[in-house]
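S.K.: protein-v4.txt is reproduced in full below (compact mmCIF, C-alpha atoms).
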# COMPACT_ATOMS: atom_id res chain seq x y z
CA MET A 20 -6.70 -29.03 3.19
CA VAL A 21 -9.13 -27.03 5.36
CA PHE A 22 -8.65 -23.64 3.66
CA ARG A 23 -8.44 -24.88 0.08
CA ARG A 24 -11.04 -23.49 -2.34
CA ARG A 25 -13.82 -25.88 -3.30
CA GLU A 26 -13.67 -24.63 -6.88
CA LYS A 27 -10.23 -23.83 -8.19
CA ARG A 28 -10.18 -20.52 -10.04
CA GLY A 29 -8.52 -20.23 -13.42
CA LEU A 30 -5.92 -17.74 -14.59
CA LEU A 31 -8.47 -15.32 -16.05
CA ALA A 32 -10.49 -15.39 -12.85
CA ASN A 33 -7.41 -14.64 -10.77
CA LEU A 34 -6.47 -11.75 -13.05
CA ARG A 35 -10.00 -10.38 -12.89
CA GLU A 36 -9.99 -10.63 -9.10
CA ALA A 37 -6.65 -8.77 -8.94
CA ILE A 38 -7.92 -5.94 -11.14
CA TRP A 39 -11.42 -5.73 -9.66
CA PRO A 40 -12.12 -7.71 -6.45
CA ARG A 41 -15.46 -9.46 -6.20
CA SER A 42 -16.37 -7.33 -3.17
CA GLY A 43 -15.33 -4.13 -4.97
CA TRP A 44 -12.47 -1.74 -4.26
CA SER A 45 -14.59 0.34 -1.88
CA ARG A 46 -15.00 -2.61 0.48
CA ALA A 47 -11.32 -3.45 0.15
CA PHE A 48 -10.50 0.16 1.05
CA GLN A 49 -12.75 -0.02 4.11
CA TYR A 50 -10.97 -3.21 5.18
CA VAL A 51 -7.54 -1.58 4.91
CA LYS A 52 -8.81 1.52 6.74
CA HIS A 53 -10.17 -0.68 9.54
CA ARG A 54 -6.89 -2.57 9.85
CA VAL A 55 -4.86 0.66 9.97
CA ASN A 56 -7.11 2.13 12.68
CA ARG A 57 -6.78 -0.99 14.82
CA LEU A 58 -2.98 -1.14 14.74
CA PRO A 59 -1.56 -1.21 18.29
CA ASP A 60 0.68 1.83 18.04
CA ARG A 61 0.66 5.57 18.67
CA PRO A 62 -1.36 7.58 16.11
CA HIS A 63 1.55 9.66 14.85
CA ARG A 64 3.65 6.56 14.21
CA ILE A 65 0.80 4.93 12.28
CA ALA A 66 0.27 8.15 10.29
CA ARG A 67 3.98 8.21 9.44
CA GLY A 68 3.65 4.68 8.13
CA VAL A 69 0.70 5.75 5.99
CA TRP A 70 2.85 8.60 4.62
CA ALA A 71 5.61 6.16 3.68
CA GLY A 72 3.26 3.69 2.00
CA VAL A 73 1.47 6.32 -0.08
CA LEU A 74 4.76 7.88 -1.16
CA VAL A 75 6.19 4.56 -2.34
CA SER A 76 2.99 3.92 -4.33
CA PHE A 77 4.08 6.73 -6.66
CA THR A 78 7.36 5.04 -7.54
CA PRO A 79 8.01 2.53 -10.35
CA LEU A 80 9.52 0.05 -7.87
CA PHE A 81 6.97 -2.60 -8.75
CA GLY A 82 7.56 -5.81 -6.85
CA PHE A 83 9.45 -3.89 -4.15
CA HIS A 84 6.73 -1.57 -2.84
CA PHE A 85 6.33 -3.51 0.42
CA VAL A 86 10.08 -3.57 1.11
CA SER A 87 10.53 0.06 0.10
CA ALA A 88 7.58 1.23 2.20
CA ALA A 89 8.88 -0.70 5.20
CA ALA A 90 12.34 0.84 4.75
CA VAL A 91 10.98 4.39 4.52
CA ALA A 92 8.75 3.81 7.56
CA TRP A 93 11.70 2.44 9.53
CA ILE A 94 13.80 5.50 8.68
CA MET A 95 10.93 7.80 9.73
CA ARG A 96 10.24 5.73 12.88
CA GLY A 97 6.77 5.01 11.58
CA ASN A 98 4.65 1.90 11.82
CA ILE A 99 5.94 -0.60 9.26
CA LEU A 100 2.69 -2.56 8.98
CA ALA A 101 0.79 0.68 8.36
CA ALA A 102 3.25 1.50 5.58
CA ILE A 103 2.70 -1.88 3.94
CA LEU A 104 -1.07 -1.51 4.16
CA ALA A 105 -0.90 2.04 2.78
CA THR A 106 0.70 0.82 -0.44
CA PHE A 107 -2.88 -0.17 -1.25
CA PHE A 108 -3.13 3.48 -2.42
CA GLY A 109 -1.49 2.15 -5.57
CA ASN A 110 -3.82 -0.41 -7.14
CA PRO A 111 -4.91 -1.43 -10.65
CA VAL A 112 -7.42 1.44 -10.65
CA THR A 113 -5.01 4.22 -9.62
CA PHE A 114 -1.75 2.93 -11.14
CA PRO A 115 -2.58 3.97 -14.75
CA ILE A 116 -3.37 7.52 -13.57
CA ILE A 117 -0.26 7.68 -11.40
CA ALA A 118 1.96 6.24 -14.14
CA VAL A 119 0.79 8.57 -16.92
CA PHE A 120 0.85 11.71 -14.77
CA SER A 121 4.21 10.91 -13.16
CA THR A 122 5.88 10.01 -16.46
CA LYS A 123 4.68 13.18 -18.18
CA LEU A 124 5.69 15.31 -15.21
CA GLY A 125 9.07 13.59 -15.14
CA HIS A 126 9.66 14.51 -18.79
CA LYS A 127 8.78 18.11 -17.98
CA ILE A 128 11.15 18.19 -15.02
CA LEU A 129 13.91 16.63 -17.11
CA GLY A 130 13.32 19.20 -19.82
CA ASP A 131 11.71 16.79 -22.32
CA ARG A 132 15.22 15.88 -23.43
CA LEU A 133 14.32 12.21 -23.00
CA ASP A 134 11.10 12.39 -25.00
CA HIS A 135 11.04 10.50 -28.29
CA GLY A 136 7.61 11.52 -29.49
CA GLY A 137 5.33 10.24 -26.75
CA GLU A 138 2.92 8.51 -29.14
CA PRO A 139 1.17 5.39 -27.77
CA GLU A 140 2.88 3.15 -30.34
CA SER A 141 6.27 4.60 -29.40
CA LEU A 142 5.63 3.70 -25.76
CA LEU A 143 4.49 0.22 -26.81
CA GLN A 144 7.67 -0.21 -28.85
CA THR A 145 9.71 0.84 -25.82
CA PHE A 146 8.15 -1.91 -23.71
CA GLN A 147 8.56 -4.43 -26.52
CA ALA A 148 12.23 -3.55 -26.95
CA ALA A 149 12.86 -3.86 -23.20
CA SER A 150 11.05 -7.21 -23.08
CA HIS A 151 13.06 -8.42 -26.06
CA ASP A 152 16.33 -7.48 -24.36
CA LEU A 153 15.34 -9.22 -21.13
CA LEU A 154 14.46 -12.44 -22.92
CA HIS A 155 17.48 -12.26 -25.23
CA ASN A 156 19.91 -11.59 -22.36
CA PHE A 157 18.48 -14.49 -20.39
CA TRP A 158 19.17 -16.95 -23.21
CA ALA A 159 22.52 -15.26 -23.88
CA MET A 160 23.74 -16.60 -20.53
CA PHE A 161 23.48 -20.12 -21.98
CA THR A 162 24.50 -19.42 -25.59
CA PRO A 163 27.35 -17.65 -27.40
CA GLU A 164 25.05 -14.66 -28.09
CA HIS A 165 26.06 -11.25 -26.75
CA ALA A 166 23.79 -9.32 -24.39
CA GLU A 167 21.83 -6.39 -25.79
CA TRP A 168 21.02 -3.33 -23.70
CA SER A 169 19.67 -0.73 -26.14
CA GLY A 170 16.00 -1.56 -25.51
CA LEU A 171 16.46 -1.61 -21.73
CA GLU A 172 18.42 1.63 -21.88
CA ARG A 173 15.63 3.33 -23.82
CA PHE A 174 13.05 1.99 -21.37
CA PHE A 175 15.10 3.34 -18.46
CA THR A 176 15.58 6.80 -19.95
CA ASP A 177 12.13 7.17 -21.56
CA VAL A 178 9.87 5.53 -18.96
CA TRP A 179 11.42 4.40 -15.68
CA LEU A 180 13.54 7.45 -14.84
CA PRO A 181 10.85 10.03 -15.73
CA TYR A 182 8.32 7.95 -13.78
CA LEU A 183 10.62 7.93 -10.74
CA ILE A 184 11.44 11.66 -10.90
CA GLY A 185 7.91 12.73 -11.76
CA GLY A 186 6.35 10.63 -9.01
CA ILE A 187 8.22 12.43 -6.23
CA VAL A 188 6.17 15.65 -6.28
CA PRO A 189 2.65 14.15 -6.44
CA GLY A 190 3.82 11.36 -4.10
CA VAL A 191 4.96 13.79 -1.40
CA ILE A 192 1.80 15.90 -1.78
CA SER A 193 -0.54 12.89 -1.65
CA ALA A 194 1.38 11.28 1.23
CA THR A 195 1.29 14.52 3.25
CA ILE A 196 -2.46 14.91 2.66
CA CYS A 197 -3.04 11.31 3.74
CA TYR A 198 -0.90 11.89 6.83
CA TYR A 199 -2.91 14.88 8.03
CA VAL A 200 -6.20 13.19 7.16
CA SER A 201 -5.37 9.88 8.81
CA LEU A 202 -3.82 11.29 12.01
CA PRO A 203 -7.03 12.75 13.53
CA ILE A 204 -9.08 9.78 12.30
CA ILE A 205 -6.73 7.28 13.94
CA THR A 206 -6.55 9.39 17.11
CA ALA A 207 -10.36 9.66 17.35
CA TYR A 208 -10.76 5.93 16.67
CA GLN A 209 -8.29 4.98 19.39
CA ASN A 210 -9.90 7.40 21.86
CA ARG A 211 -13.35 5.94 21.17
CA ARG A 212 -12.05 2.42 21.51
CA ARG A 213 -10.26 3.32 24.74
CA SER A 214 -13.46 4.88 26.09
CA ARG A 215 -15.49 1.78 25.18
CA LEU A 216 -12.95 -0.49 26.86
CA LYS A 217 -12.94 1.73 29.94
CA ALA A 218 -16.74 1.71 30.10
CA ARG A 219 -16.79 -2.07 29.69
CA LEU A 220 -14.22 -2.45 32.45
CA GLU A 221 -16.24 -0.22 34.77
CA LYS A 222 -19.36 -2.31 34.11
CA MET A 223 -17.44 -5.47 34.93
CA ARG A 224 -16.14 -3.93 38.16
CA ALA A 225 -19.63 -2.75 39.11
CA LYS A 226 -21.02 -6.22 38.41
CA ILE A 227 -18.31 -7.83 40.57
CA LYS A 228 -19.08 -5.40 43.42
CA ARG A 229 -22.79 -6.15 43.21
CA GLU A 230 -22.07 -9.87 43.32
CA GLU A 231 -19.76 -9.39 46.30
CA ARG A 232 -22.39 -7.35 48.16
CA ALA A 233 -25.05 -9.96 47.37
CA ALA A 234 -22.74 -12.70 48.62
CA ALA A 235 -22.04 -10.72 51.79
CA LYS A 236 -25.77 -10.22 52.45
CA ALA A 237 -26.38 -13.92 51.89
CA GLU A 238 -23.72 -14.80 54.47
CA LYS A 239 -25.20 -12.36 57.04
CA SER A 240 -28.71 -13.77 56.53
CA GLU A 241 -27.39 -17.30 57.11
CA ASP A 242 -25.71 -16.20 60.32
Could you show the structure in this file as structure tokens?
M.R.:
Amino acid sequence: MVFRRREKRGLLANLREAIWPRSGWSRAFQYVKHRVNRLPDRPHRIARGVWAGVLVSFTPLFGFHFVSAAAVAWIMRGNILAAILATFFGNPVTFPIIAVFSTKLGHKILGDRLDHGGEPESLLQTFQAASHDLLHNFWAMFTPEHAEWSGLERFFTDVWLPYLIGGIVPGVISATICYYVSLPIITAYQNRRRSRLKARLEKMRAKIKREERAAAKAEKSED
């Protein structure tokens, strides 16, 4: 195939590329910023899409961020593609910070009544118990074993729900900041681009007029 890699990358290389791209996250950010600025839509609609994408990045809806961002943007009448691109705000570099802060804030909002100690090994055990239940319940569909939900229930109450609740406040704040920062940038970019296109069009018109006048003079000289 034309677009197939010459050297096939292994699993570790793919994981490393996902966590830290070869070009660096700064260049990836510049690429996303460039794509958002060039979207063919009104600035306020694009900025609304950015708001939706950043907000969804603060939720534990992993695997559904694109769909969720598109849904929020559609409800807000924002640009859906901008919302999908803005989910880049949540990446392997920022996710650990967002997850820890949102989970701790969620426990505070919920009154710490869901906290079971908060030690790192307790959190690890919560993930292990949830993973065990998922695997066990999968095989239980094909065996006489009964499904177990205690580990998943603890994961939901100790991690997922606090993460979801705690991510709302910093998500709204960050999304609103990104909205008001991106709106004038997108507006200025589109105005500059419109001015460049207008100047280019005027040059083309002037060139066509010069050619027409030259052609007219050539015809008169022949006569």
S.K.: How many Å lie between atom CA of A:Ala194 and atom CA of A:Gly72, rounded to one decimal?
M.R.: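 That distance, rounded to one decimal, is 7.9 Å.
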S.K.: How big is the axis-aligned box around all listed atoms of stretch 164-174 of chain A once 3 Å goes on each side, and where's its centre, in Å to one decimal, as AutoDock Vina command-line options?
M.R.:
--center_x 19.6 --center_y -5.7 --center_z -24.7 --size_x 19.0 --size_y 24.0 --size_z 12.7
S.K.: Show which residues sit within 9 Å of A:Asp152, as a ChimeraX atom specification. Count all atoms listed in the file, and ignore same-chain residues fewer than 6 positions away.
M.R.: /A:166-171
S.K.: Quick one: residues within 6 Å of A:Tyr182, all atoms listed in the file counted, chain neighbours fewer than 2 positions away excluded, as a count of residues only?
M.R.: 9
S.K.: Work out how far apart atom CA of A:Ala90 and atom CA of A:Val200 are and give it in Å to one decimal.
M.R.: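 Distance between the two atoms: 22.4 Å.
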S.K.: For a test of reading the model, state the distance in Å between atom CA of A:Ile187 and atom CA of A:Thr78, rounded to one decimal.
M.R.: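 According to the coordinates, atom CA of A:Ile187 and atom CA of A:Thr78 are separated by 7.6 Å.
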S.K.: In terms of the shortest atom-to-atom distance over all atoms listed in the file, which of A:Glu164, A:Val188, A:Met95, A:Arg173 is closest to A:Ser150?
M.R.: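 Ranking A:Glu164, A:Val188, A:Met95, A:Arg173 by distance to A:Ser150, first place goes to A:Arg173.
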S.K.: Nearest to A:Lys123: which of A:Thr195, A:Trp70, A:Arg219, A:Asp177 is it, counting only C-alpha atoms?
M.R.: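 Of all the options, A:Asp177 lies closest to A:Lys123.
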S.K.: Name the residues, using the chain letters and numbers of the file, that sit within 12 Å of (11.9, 0.7, -1.3) when counting only C-alpha atoms, and give them as a ChimeraX atom specification.
M.R.: /A:71-94,102-103,106,183
